[in-house]
>>> print(open('coords.txt').read())   # compact mmCIF, C-alpha atoms
# COMPACT_ATOMS: atom_id res chain seq x y z
CA MET A 1 100.81 110.29 107.91
CA GLU A 2 103.54 110.51 105.30
CA VAL A 3 104.67 107.28 103.69
CA LEU A 4 108.46 107.08 103.45
CA THR A 5 109.82 105.16 100.50
CA PRO A 6 113.40 104.31 99.50
CA LYS A 7 112.99 106.48 96.42
CA ALA A 8 112.95 110.08 97.68
CA VAL A 9 112.28 111.59 94.26
CA ARG A 10 108.50 111.87 94.58
CA ARG A 11 106.62 114.68 92.88
CA SER A 12 104.35 115.06 95.91
CA THR A 13 103.82 113.60 99.36
CA ARG A 14 101.85 110.37 99.63
CA LEU A 15 99.27 109.98 102.39
CA ARG A 16 97.82 106.75 103.79
CA VAL A 17 94.04 106.93 103.71
CA GLU A 18 90.94 104.78 103.50
CA ILE A 19 88.60 106.53 101.08
CA PRO A 20 85.77 104.55 99.47
CA ALA A 21 85.31 105.31 95.78
CA SER A 22 83.73 103.83 92.68
CA VAL A 23 86.20 103.02 89.91
CA ILE A 24 85.18 102.26 86.32
CA SER A 25 87.12 101.62 83.14
CA LEU A 26 86.64 104.13 80.35
CA ASP A 27 87.83 101.58 77.78
CA ARG A 28 84.99 99.48 76.33
CA ARG A 29 87.46 96.72 75.44
CA ARG A 30 88.49 96.40 79.10
CA PRO A 31 85.26 96.56 81.12
CA TYR A 32 85.67 97.13 84.84
CA GLY A 33 83.58 98.61 87.60
CA GLU A 34 83.99 98.19 91.33
CA ARG A 35 83.55 99.94 94.64
CA CYS A 36 87.13 100.14 95.94
CA THR A 37 89.09 101.58 98.84
CA LEU A 38 91.79 104.13 98.09
CA LEU A 39 94.78 103.28 100.30
CA ILE A 40 97.40 105.86 99.26
CA VAL A 41 96.83 109.25 97.65
CA SER A 42 99.05 112.03 96.33
CA ALA A 43 98.51 115.10 94.19
CA GLN A 44 99.29 113.08 91.03
CA GLY A 45 97.62 109.75 91.72
CA CYS A 46 96.62 107.04 94.11
CA GLY A 47 96.82 103.39 94.99
CA PHE A 48 93.69 101.32 95.53
CA ARG A 49 92.76 97.75 96.30
CA SER A 50 90.88 95.89 93.60
CA SER A 51 89.52 92.37 93.27
CA GLU A 52 90.44 92.36 89.57
CA GLU A 53 93.74 92.78 87.79
CA LEU A 54 93.80 95.88 85.57
CA GLN A 55 95.98 96.35 82.51
CA VAL A 56 98.53 99.18 82.64
CA GLY A 57 97.38 102.11 80.51
CA THR A 58 93.64 101.49 81.01
CA PRO A 59 91.83 104.84 81.36
CA ILE A 60 89.72 104.90 84.53
CA MET A 61 87.38 107.23 86.39
CA PHE A 62 87.01 107.62 90.15
CA SER A 63 83.63 108.84 91.38
CA GLY A 64 81.89 109.16 94.71
CA LEU A 65 84.89 110.96 96.17
CA PRO A 66 84.50 113.30 99.15
CA GLY A 67 82.49 116.33 98.15
CA GLY A 68 80.89 114.42 95.27
CA ASN A 69 83.98 114.85 93.08
CA SER A 70 85.08 112.59 90.27
CA VAL A 71 88.40 112.47 88.45
CA THR A 72 89.96 110.55 85.57
CA GLY A 73 93.34 108.94 85.14
CA GLN A 74 94.98 105.76 83.93
CA VAL A 75 96.36 102.58 85.46
CA ALA A 76 100.10 103.01 86.05
CA SER A 77 100.79 99.70 87.82
CA CYS A 78 99.02 96.60 89.09
CA VAL A 79 100.59 94.10 91.50
CA PRO A 80 99.01 91.18 93.38
CA LEU A 81 98.49 91.55 97.12
CA GLY A 82 99.57 88.21 98.57
CA ASN A 83 99.86 84.89 96.79
CA ASP A 84 96.18 83.96 96.49
CA GLY A 85 95.37 86.33 93.58
CA GLN A 86 92.30 87.64 95.39
CA TYR A 87 93.31 91.29 95.52
CA PHE A 88 95.53 93.65 93.57
CA LEU A 89 97.15 96.95 94.42
CA VAL A 90 96.48 99.24 91.48
CA GLY A 91 98.47 102.45 91.03
CA ALA A 92 96.73 105.20 89.09
CA SER A 93 98.11 108.38 87.55
CA LEU A 94 95.65 111.28 87.40
CA TYR A 95 95.06 113.46 84.36
CA THR A 96 94.20 116.40 86.65
CA HIS A 97 96.58 116.98 89.55
CA GLY A 98 95.81 118.45 92.96
CA ASN A 99 93.77 117.73 96.04
CA VAL A 100 90.91 115.90 94.33
CA TRP A 101 90.64 113.59 97.36
CA GLY A 102 89.14 116.18 99.71
CA ILE A 103 92.04 116.08 102.20
CA ALA A 104 91.31 118.80 104.77
CA ASP A 105 94.90 119.99 105.27
CA PRO A 106 96.93 118.72 102.29
CA PRO A 107 100.73 118.81 102.30
CA GLU A 108 102.30 122.04 101.04
CA ASP A 109 103.76 120.36 97.94
CA TRP A 110 100.20 119.49 96.79
CA ARG A 111 99.46 123.21 96.51
CA VAL A 112 102.57 123.79 94.38
CA VAL A 113 101.54 120.99 92.03
CA ALA A 114 98.04 122.40 91.66
CA LYS A 115 99.49 125.87 90.99
CA ASN A 116 101.70 124.54 88.19
CA ASP A 117 98.86 122.62 86.53
CA PRO A 118 97.83 123.85 83.06
CA ILE A 119 94.30 124.46 84.40
CA PRO A 120 94.60 125.69 87.98
CA ALA A 121 92.01 124.51 90.47
CA SER A 122 91.44 128.15 91.49
CA ALA A 123 90.54 129.25 87.95
CA PRO A 124 87.08 130.83 87.79
CA ARG A 125 84.51 128.56 86.17
CA THR A 126 82.08 131.33 85.21
CA ALA A 127 82.60 134.48 83.19
CA GLU A 128 83.01 137.70 85.10
CA PRO A 129 81.06 140.84 84.11
CA GLY A 130 84.06 142.52 82.40
CA ALA A 131 85.25 139.33 80.69
CA ALA A 132 83.64 140.17 77.32
CA ALA A 133 85.29 143.61 77.22
CA SER A 134 88.63 142.05 78.17
CA LEU A 135 88.29 139.48 75.36
CA THR A 136 87.48 142.21 72.83
CA ALA A 137 90.54 144.20 73.95
CA ARG A 138 92.76 141.12 73.60
CA LYS A 139 91.49 140.45 70.07
CA LYS A 140 93.07 143.74 69.00
CA SER A 141 96.51 142.61 70.22
CA TRP A 142 98.88 139.87 69.06
CA PRO A 143 98.24 137.10 68.02
CA TYR A 144 94.79 138.28 66.98
CA ASN A 145 95.82 141.42 65.11
CA LEU A 146 97.07 139.77 61.93
CA PHE A 147 94.97 142.15 59.81
CA PRO A 148 94.20 145.81 60.33
CA GLU A 149 90.74 146.32 61.80
CA GLY A 150 88.07 146.09 59.08
CA ALA A 151 90.44 144.57 56.51
CA GLU A 152 89.54 140.94 57.25
CA THR A 153 87.47 139.11 54.67
CA HIS A 154 85.92 135.69 54.58
CA PRO A 155 87.79 133.36 52.16
CA GLY A 156 84.52 132.69 50.29
CA HIS A 157 83.64 136.38 49.87
CA LYS A 158 85.41 138.84 47.56
>>> encode(input="coords.txt", output="structure tokens")
Amino acid sequence: MEVLTPKAVRRSTRLRVEIPASVISLDRRRPYGERCTLLIVSAQGCGFRSSEELQVGTPIMFSGLPGGNSVTGQVASCVPLGNDGQYFLVGASLYTHGNVWGIADPPEDWRVVAKNDPIPASAPRTAEPGAAASLTARKKSWPYNLFPEGAETHPGHK
């Protein structure tokens, strides 16, 4: 279900969910660790319910996500839920964008975001058999070919 907001300038569609996850602070000066429920997710972040108030800018890590994934980000907002101060809605911005939440059929704009990421999710994680030959061939082209082949010398050797 898409969440409609008055501000239509979203980078990607938000989805209402209930995904349990462990959230910890990566800042030793701001210790935090809790099993939370993610309530809203998008390709760039999420919103989750917490029993503690978190400072904006705190680096955090989500683990125990569907598929055993974990992802890092930072606190982007933190507002109290209700007047009793028992719970807070924490907004988090992810460092790595895409469908890290394990959504079976993500919105189309999530795929575009992942494609434009500096490190695409579809990038191979292991070297292919011809990768070494390809790297050697690239080293002979710009920007690696600053010196003619065989003319390079170590600064300490004459």
>>> atom_distance(input="coords.txt", atom1="atom CA of A:Cys46", atom2="atom CA of A:Asp27")
19.3 Å
>>> closest_atom_pairs(input="coords.txt", of="stretch 7-72 of chain A", to="stretch 88-105 of chain A", cutoff="10 Å", atoms="all atoms listed in the file", output="tab-separated table")
residue	atom	partner	partner_atom	distance
A:Ser12	CA	A:Gly98	CA	9.7
A:Leu15	CA	A:Ile103	CA	9.5
A:Val17	CA	A:Ile103	CA	9.5
A:Ile19	CA	A:Trp101	CA	8.2
A:Ala21	CA	A:Trp101	CA	10.0
A:Leu38	CA	A:Val90	CA	9.5
A:Leu39	CA	A:Leu89	CA	9.0
A:Ile40	CA	A:Gly91	CA	9.0
A:Val41	CA	A:Trp101	CA	7.6
A:Ser42	CA	A:Asn99	CA	7.8
A:Ala43	CA	A:Gly98	CA	4.5
A:Gln44	CA	A:His97	CA	5.0
A:Gly45	CA	A:Ser93	CA	4.4
A:Cys46	CA	A:Ala92	CA	5.3
A:Gly47	CA	A:Gly91	CA	4.4
A:Phe48	CA	A:Val90	CA	5.3
A:Arg49	CA	A:Leu89	CA	4.8
A:Ser50	CA	A:Phe88	CA	5.2
A:Ser51	CA	A:Phe88	CA	6.2
A:Glu52	CA	A:Phe88	CA	6.6
A:Glu53	CA	A:Phe88	CA	6.1
A:Leu54	CA	A:Val90	CA	7.3
A:Gln55	CA	A:Val90	CA	9.4
A:Val56	CA	A:Ala92	CA	9.0
A:Gly57	CA	A:Ala92	CA	9.1
A:Thr58	CA	A:Ala92	CA	9.4
A:Pro59	CA	A:Ala92	CA	9.2
A:Ile60	CA	A:Ala92	CA	8.4
A:Met61	CA	A:Leu94	CA	9.3
A:Phe62	CA	A:Leu94	CA	9.8
A:Leu65	CA	A:Trp101	CA	6.4
A:Pro66	CA	A:Gly102	CA	5.5
A:Gly67	CA	A:Gly102	CA	6.8
A:Gly68	CA	A:Gly102	CA	9.5
A:Asn69	CA	A:Val100	CA	7.1
A:Ser70	CA	A:Val100	CA	7.8
A:Val71	CA	A:Thr96	CA	7.2
A:Thr72	CA	A:Tyr95	CA	6.0
>>> atom_distance(input="coords.txt", atom1="atom CA of A:Arg111", atom2="atom CA of A:Arg11")
11.7 Å
>>> residues_around(input="coords.txt", residues="A:Tyr32", least_positions_apart="4", cutoff="8 Å", atoms="only C-alpha atoms", output="list of chain:residue names")
A:Val23, A:Ile24, A:Ser25
>>> atom_distance(input="coords.txt", atom1="atom CA of A:Pro20", atom2="atom CA of A:Glu34")
10.5 Å
>>> closest_residue(input="coords.txt", among="A:Arg30, A:Ser63, A:Asp109, A:Arg35", to="A:Val75", atoms="only C-alpha atoms")
A:Arg30
>>> decode(input="coords.txt", residues="stretch 40-83 of chain A", atoms="N, CA and C atoms", output="short mmCIF file (atom, residue, chain, number, x, y, z; two decimals), in the first residue's frame")
data_model
loop_
_atom_site.label_atom_id
_atom_site.label_comp_id
_atom_site.auth_asym_id
_atom_site.auth_seq_id
_atom_site.Cartn_x
_atom_site.Cartn_y
_atom_site.Cartn_z
N ILE A 40 7.45 2.00 8.02
CA ILE A 40 7.42 2.56 6.67
C ILE A 40 8.80 2.34 6.06
N VAL A 41 8.83 1.88 4.81
CA VAL A 41 10.10 1.69 4.13
C VAL A 41 10.05 2.31 2.74
N SER A 42 11.21 2.71 2.26
CA SER A 42 11.37 3.19 0.89
C SER A 42 12.74 2.73 0.42
N ALA A 43 13.10 3.08 -0.79
CA ALA A 43 14.41 2.69 -1.31
C ALA A 43 15.54 3.46 -0.65
N GLN A 44 15.24 4.62 -0.03
CA GLN A 44 16.28 5.43 0.60
C GLN A 44 16.27 5.40 2.11
N GLY A 45 15.25 4.81 2.73
CA GLY A 45 15.21 4.85 4.19
C GLY A 45 14.01 4.15 4.76
N CYS A 46 13.72 4.48 6.01
CA CYS A 46 12.60 3.84 6.69
C CYS A 46 12.18 4.67 7.90
N GLY A 47 11.06 4.28 8.46
CA GLY A 47 10.60 4.83 9.72
C GLY A 47 10.34 3.67 10.66
N PHE A 48 10.80 3.77 11.90
CA PHE A 48 10.58 2.69 12.85
C PHE A 48 10.20 3.23 14.21
N ARG A 49 9.53 2.39 14.98
CA ARG A 49 9.11 2.77 16.32
C ARG A 49 10.18 2.35 17.31
N SER A 50 10.53 3.29 18.18
CA SER A 50 11.57 3.05 19.17
C SER A 50 11.07 3.48 20.54
N SER A 51 11.58 2.84 21.58
CA SER A 51 11.22 3.25 22.94
C SER A 51 12.17 4.31 23.47
N GLU A 52 13.21 4.64 22.68
CA GLU A 52 14.16 5.68 23.08
C GLU A 52 14.25 6.75 22.02
N GLU A 53 14.49 7.97 22.45
CA GLU A 53 14.69 9.08 21.52
C GLU A 53 16.12 9.00 20.99
N LEU A 54 16.28 9.15 19.68
CA LEU A 54 17.60 9.09 19.06
C LEU A 54 17.95 10.45 18.48
N GLN A 55 19.21 10.84 18.63
CA GLN A 55 19.67 12.13 18.13
C GLN A 55 19.86 12.08 16.61
N VAL A 56 19.39 13.13 15.93
CA VAL A 56 19.55 13.23 14.48
C VAL A 56 21.04 13.18 14.15
N GLY A 57 21.37 12.41 13.12
CA GLY A 57 22.76 12.26 12.69
C GLY A 57 23.46 11.04 13.26
N THR A 58 22.83 10.35 14.20
CA THR A 58 23.44 9.15 14.80
C THR A 58 23.54 8.04 13.75
N PRO A 59 24.72 7.50 13.50
CA PRO A 59 24.84 6.38 12.57
C PRO A 59 24.26 5.11 13.22
N ILE A 60 23.46 4.37 12.46
CA ILE A 60 22.80 3.17 12.98
C ILE A 60 22.93 2.02 11.99
N MET A 61 22.72 0.81 12.50
CA MET A 61 22.73 -0.37 11.66
C MET A 61 21.48 -1.19 11.93
N PHE A 62 20.82 -1.62 10.86
CA PHE A 62 19.67 -2.51 10.93
C PHE A 62 20.17 -3.91 10.61
N SER A 63 19.81 -4.87 11.45
CA SER A 63 20.17 -6.27 11.16
C SER A 63 18.96 -7.15 11.41
N GLY A 64 19.07 -8.40 11.00
CA GLY A 64 17.95 -9.32 11.15
C GLY A 64 16.83 -9.02 10.18
N LEU A 65 17.16 -8.40 9.06
CA LEU A 65 16.18 -8.09 8.03
C LEU A 65 15.84 -9.36 7.26
N PRO A 66 14.75 -9.37 6.50
CA PRO A 66 14.42 -10.55 5.69
C PRO A 66 15.60 -10.97 4.83
N GLY A 67 15.85 -12.24 4.79
CA GLY A 67 16.97 -12.77 4.03
C GLY A 67 18.29 -12.67 4.77
N GLY A 68 18.26 -12.26 6.05
CA GLY A 68 19.47 -12.15 6.84
C GLY A 68 20.29 -10.91 6.52
N ASN A 69 19.72 -9.97 5.79
CA ASN A 69 20.44 -8.75 5.41
C ASN A 69 20.65 -7.81 6.58
N SER A 70 21.63 -6.94 6.43
CA SER A 70 21.82 -5.82 7.35
C SER A 70 22.23 -4.63 6.50
N VAL A 71 21.94 -3.43 7.01
CA VAL A 71 22.21 -2.21 6.26
C VAL A 71 22.47 -1.08 7.25
N THR A 72 23.26 -0.10 6.83
CA THR A 72 23.59 1.02 7.71
C THR A 72 22.98 2.30 7.17
N GLY A 73 22.82 3.26 8.07
CA GLY A 73 22.27 4.55 7.72
C GLY A 73 22.46 5.51 8.87
N GLN A 74 21.67 6.57 8.89
CA GLN A 74 21.75 7.51 10.00
C GLN A 74 20.36 8.03 10.32
N VAL A 75 20.19 8.48 11.56
CA VAL A 75 18.91 9.02 12.00
C VAL A 75 18.69 10.36 11.30
N ALA A 76 17.54 10.49 10.62
CA ALA A 76 17.20 11.71 9.91
C ALA A 76 16.17 12.54 10.67
N SER A 77 15.35 11.88 11.49
CA SER A 77 14.35 12.59 12.29
C SER A 77 13.92 11.70 13.45
N CYS A 78 13.37 12.34 14.48
CA CYS A 78 12.88 11.59 15.63
C CYS A 78 11.78 12.42 16.29
N VAL A 79 10.56 11.91 16.24
CA VAL A 79 9.42 12.62 16.83
C VAL A 79 8.68 11.71 17.79
N PRO A 80 8.15 12.28 18.88
CA PRO A 80 7.40 11.45 19.84
C PRO A 80 6.08 10.98 19.24
N LEU A 81 5.71 9.75 19.59
CA LEU A 81 4.41 9.21 19.21
C LEU A 81 3.49 9.38 20.42
N GLY A 82 2.57 10.29 20.35
CA GLY A 82 1.69 10.56 21.49
C GLY A 82 2.33 11.54 22.45
N ASN A 83 1.66 11.73 23.58
CA ASN A 83 2.11 12.71 24.57
C ASN A 83 2.81 12.09 25.78
#
